[in-house]
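Some notes on the structure that comes next.
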Amino acid sequence: MTTTRELTVGAGAGAQQLGADMVLNIGPQHPSTHGVLRLRLVLDGERVISAEPIVGYMHRGAEKLFEVRDYRQILVLTNRHDWLSAFSNELGAAMAVERLMGIEVPERAVWLRTALAEINRMLNHLMFLGSYPLEIGAITPVFYAFRERETLQAVMEEISGGRMHYMFNQVGGVKAEAPAGWTSRARDALGLVEKRLPDLDRLIRKNDIFLARTVGVGVLTAAQAAAYGASGPVARASGLDFDLRRDEPYLAYGSLDVPVVTRTAGDCHARFEVLLDQVYVSLDLARQCLDRLDTIKGPVNVRLPKVVKAPEGHTYAWTENPLGINGYYLVSRGDKTPWRMKLRTASYSNVQCLSTLLPGCLVPDLIAILGSMFFVVGDIDK
Amino acid sequence: MSGVPGVGLGKGLAVTLKTLVSRSTTQQYPDVEPELPPRSRGVIALREENCTVCMLCSRECPDWCIYIDSHKEEVVVPGAARPRQRNVLDRFDIDFSLCMYCGICIEVCPFDALFWSPEFEYAEYDIRDLIHDKDRLGTWMETVPPPPSHDPNGEPSKEETNAAKKASAS
């Protein structure tokens, strides 16, 4: 009947509760998490024993907000969950609505969208190509990355009027025709970036200190990547050869030859290299799209009814966003607003890998691994 | 990885050296105004005369940051049987602390009363001062640039087609 309980009194009391291991919270406010991601680490000295990413500090209830916004207003919100790939985000949502309504997007709009999506991809990648070295101590590359970003951003700004939240997609096409001479100016910008990108490449790719910090650190196997549902550059660096642009083409990717950049090492350096090489690929794709655009005449959007209503039904549209697979599951009951729009974001799945990647590594490596997962906190928390 | 240690560093330093002797691209912002494309979404300008108080902008705004008040006035039109009713705008405020710069209000305006202007220097020390009334919005009208002409491969702009229509009608 009686249960015995052992109790230590005096010196050493509470040692069990305190433990020999230290529990350390990284974030939610920490410069290396670029956002409000919180990591709960159990440390044994400098070594991480277990890590748990705690998400949700930036939860804005985007999915709930979608339910009380009509299909034009939704794009404002889809724009913002991953603020570095705003164009690709609006694209996914617009494609879901178009599919449900059975709208066929004019050919010129399709090619224009593809060109802009690729420019957006470069903008996103260049951001990480600058910020990742910065996180592990290399200050210079960010200036080179942002120089290229500025050049490309001018192209996006001229056509859409926005530098970050473009708001250029609409259901049935894009908002406006490109200004006269835009394609040639865009091509000039791409040429300039192509000419100057090797600077960034030479500066950091084979930098000895950078290699020492990243090679062999945070190795993610293909099986692990697949198990966590990782996608995009993070998964491709582990050898998971999957790219929706090639495997399930949307927009004009079907008629383009999309080379998929992969690595097999799965470490931080491989992830960085995939990102860098994808910029070269995107430069090439964007140029092809612009060339095609110059040969296609016609409208860039369709005339919509005054009130846009998606018929009853559901659809799932997914796109290869810069950070990985981005999906919109849209359920409509025939109203002006969606009944439900579920978001599948790349960063959310990619960040989950951290709980297997981090245990066993040292605290300084944690920063290197964290940065190499290339996430946007808004994209995790939605 | 690389054969000789330090080669990567050397290459990087060569880039730095190259940049050191190339022209700087610093923009002297407060002294030199930046050149912004005409489509830039800086601030929303209001042409008060064109507004008919239809409330479309206020209703379509995704975060409802446009506040409109109005009253009705009777206008006696000579020759008409009954006096006409006309909406008069009393208040047209946009709260720029809420505005998401999506441009939906401008897009839905059926009477061309709202325009984007690339003007951006309207920061305030207090968030409450970011609500701008119709007079302030009106002052931005003169900064609205003419829209750029469209790519010849695409459809001409709405302004161009309207002008062509008017020209052929007269």
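Quick note on naming: the chains in the structure tokens go A, B, ... in the order shown, residues restart at 1 in each chain, and ligands are numbered from 1 in order of appearance.
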
Which residues are close to Ser238 in chain A, i.e. within 6 Å by only C-alpha atoms, leaving aside same-chain residues fewer than 5 positions away? Reply as a PyMOL selection string.
chain A and resi 221-222+264-266

Would you kindly report the residues of chain B within 7 Å of chain A, using only C-alpha atoms, as an MDAnalysis selection string?
chainID B and resid 6 8:9 11:12 15 37 39:41 62 102 148:155

Can I get the selected residues back with C-alpha atoms, as an mmCIF file, in the first residue's frame?
```
data_model
loop_
_atom_site.group_PDB
_atom_site.id
_atom_site.type_symbol
_atom_site.label_atom_id
_atom_site.label_comp_id
_atom_site.auth_asym_id
_atom_site.auth_seq_id
_atom_site.Cartn_x
_atom_site.Cartn_y
_atom_site.Cartn_z
ATOM 1 C CA GLY B 6 44.460 29.521 -49.599
ATOM 2 C CA GLY B 8 39.945 30.253 -52.501
ATOM 3 C CA LEU B 9 40.894 33.155 -50.270
ATOM 4 C CA LYS B 11 40.495 34.473 -55.552
ATOM 5 C CA GLY B 12 38.133 36.249 -53.204
ATOM 6 C CA VAL B 15 37.448 40.197 -56.488
ATOM 7 C CA PRO B 37 9.428 54.007 -62.415
ATOM 8 C CA ARG B 39 4.224 52.374 -61.766
ATOM 9 C CA SER B 40 5.897 52.654 -58.354
ATOM 10 C CA ARG B 41 3.429 52.247 -55.552
ATOM 11 C CA PRO B 62 -8.489 43.971 -47.801
ATOM 12 C CA CYS B 102 -1.962 46.333 -52.824
ATOM 13 C CA PRO B 148 4.010 54.162 -69.371
ATOM 14 C CA SER B 149 3.057 53.120 -72.879
ATOM 15 C CA HIS B 150 2.557 49.401 -73.329
ATOM 16 C CA ASP B 151 4.739 46.869 -75.080
ATOM 17 C CA PRO B 152 3.706 46.891 -78.771
ATOM 18 C CA ASN B 153 3.187 43.109 -78.669
ATOM 19 C CA GLY B 154 0.516 43.401 -76.022
ATOM 20 C CA GLU B 155 -2.777 45.220 -75.916
#
```

Spatial neighbours of Thr319 in chain A, 7 Å, only C-alpha atoms, chain gap at least 4 places, as a PyMOL selection string
chain A and resi 92+244+325-327

Output N, CA, C and O atoms of each residue in that selection to a file, as an mmCIF file, in the first residue's frame.
```cif
data_model
loop_
_atom_site.group_PDB
_atom_site.id
_atom_site.type_symbol
_atom_site.label_atom_id
_atom_site.label_comp_id
_atom_site.auth_asym_id
_atom_site.auth_seq_id
_atom_site.Cartn_x
_atom_site.Cartn_y
_atom_site.Cartn_z
ATOM 1 N N GLY A 92 0.752 30.659 -57.252
ATOM 2 C CA GLY A 92 0.116 29.410 -56.841
ATOM 3 C C GLY A 92 -1.354 29.606 -56.533
ATOM 4 O O GLY A 92 -2.207 28.826 -56.981
ATOM 5 N N LEU A 244 9.396 20.323 -59.456
ATOM 6 C CA LEU A 244 8.092 20.366 -60.118
ATOM 7 C C LEU A 244 8.167 21.009 -61.497
ATOM 8 O O LEU A 244 7.369 20.701 -62.373
ATOM 9 N N ILE A 325 8.499 23.224 -52.398
ATOM 10 C CA ILE A 325 7.145 23.060 -52.921
ATOM 11 C C ILE A 325 6.154 23.867 -52.102
ATOM 12 O O ILE A 325 6.126 23.805 -50.886
ATOM 13 N N ASN A 326 5.372 24.639 -52.817
ATOM 14 C CA ASN A 326 4.372 25.476 -52.195
ATOM 15 C C ASN A 326 3.023 25.029 -52.752
ATOM 16 O O ASN A 326 2.841 24.979 -53.957
ATOM 17 N N GLY A 327 2.109 24.675 -51.872
ATOM 18 C CA GLY A 327 0.837 24.165 -52.362
ATOM 19 C C GLY A 327 -0.345 24.906 -51.777
ATOM 20 O O GLY A 327 -0.315 25.345 -50.633
#
```

Mind the document's chain letters and residue numbers, and return as number ranges by chain the residues of range 90-166 of chain B that DSSP labels strand (DSSP E).
B: 90-95, 114-117, 131-132

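Here CA of Trp318 in chain A and CA of Ile54 in chain A stand 25.8 Å from one another.
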
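Using only C-alpha atoms, the nearest neighbour of Gly173 in chain A within the list A:Ala346, A:Leu91, A:Leu197, A:Ala138 is A:Leu91.
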
Using backbone DSSP assignments, extract all alpha helix (DSSP H) residues from range 10-128 of chain A; output them as a ChimeraX atom specification.
/A:15-18,62-66,71-81,86-101,107-128

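In this structure, CA of Asn50 in chain B sits 6.0 Å away from CA of Phe111 in chain B.
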
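Between CA of Leu123 in chain A and CA of Phe146 in chain A there is a distance of 9.0 Å.
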
Cys289 in chain A surroundings by only C-alpha atoms, 8 Å radius, close-in-sequence under 5 positions cut, as number ranges by chain:
A: 111-112, 114-115

Please identify all polymer residues within 10 Å of range 64-77 of chain B, counting only C-alpha atoms, omitting same-chain residues fewer than 3 positions from it, and present them as an MDAnalysis selection string.
chainID B and resid 52:55 57:61 80:100 105 131:134

Name the residues in contact with Tyr348 in chain A at a cut-off of 9 Å, using only C-alpha atoms, excluding same-chain residues fewer than 5 positions from it; report them as a list of chain:residue names.
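Within the cut-off, the hits are A:Val55, A:Ala230, A:Phe375, A:Val376, A:Val377, A:Asp379, A:Ile380, A:Asp381.
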
Deliver the residues from the most recent selection as a file, using N, CA, C and O atoms, as a short mmCIF file (atom, residue, chain, number, x, y, z; two decimals), in the first residue's frame.
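So the final result, stored in part_23.cif, reads:
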```
data_model
loop_
_atom_site.label_atom_id
_atom_site.label_comp_id
_atom_site.auth_asym_id
_atom_site.auth_seq_id
_atom_site.Cartn_x
_atom_site.Cartn_y
_atom_site.Cartn_z
N VAL A 55 7.72 26.52 -33.40
CA VAL A 55 7.27 27.50 -34.39
C VAL A 55 5.97 28.15 -33.91
O VAL A 55 5.36 27.67 -32.96
N ALA A 230 10.95 17.40 -46.99
CA ALA A 230 11.74 18.54 -47.42
C ALA A 230 11.69 18.64 -48.94
O ALA A 230 11.50 17.64 -49.64
N PHE A 375 15.13 29.22 -44.80
CA PHE A 375 13.70 29.35 -44.53
C PHE A 375 13.34 30.81 -44.29
O PHE A 375 14.20 31.64 -44.00
N VAL A 376 12.08 31.08 -44.42
CA VAL A 376 11.53 32.39 -44.08
C VAL A 376 10.53 32.13 -42.98
O VAL A 376 9.65 31.27 -43.13
N VAL A 377 10.67 32.82 -41.86
CA VAL A 377 9.84 32.47 -40.71
C VAL A 377 8.35 32.68 -41.01
O VAL A 377 7.51 31.90 -40.58
N ASP A 379 6.93 32.05 -43.62
CA ASP A 379 6.51 30.89 -44.41
C ASP A 379 6.30 29.67 -43.50
O ASP A 379 5.52 28.78 -43.83
N ILE A 380 6.99 29.64 -42.38
CA ILE A 380 6.80 28.54 -41.44
C ILE A 380 5.49 28.74 -40.68
O ILE A 380 4.67 27.83 -40.57
N ASP A 381 5.32 29.94 -40.18
CA ASP A 381 4.21 30.19 -39.26
C ASP A 381 2.90 30.57 -39.96
O ASP A 381 1.83 30.41 -39.39
#
```

Restricting the calculation to only C-alpha atoms: of B:Glu159, B:Glu48, B:Asp63, B:Asp112, which residue gets closest to Thr139 in chain B?
B:Glu48
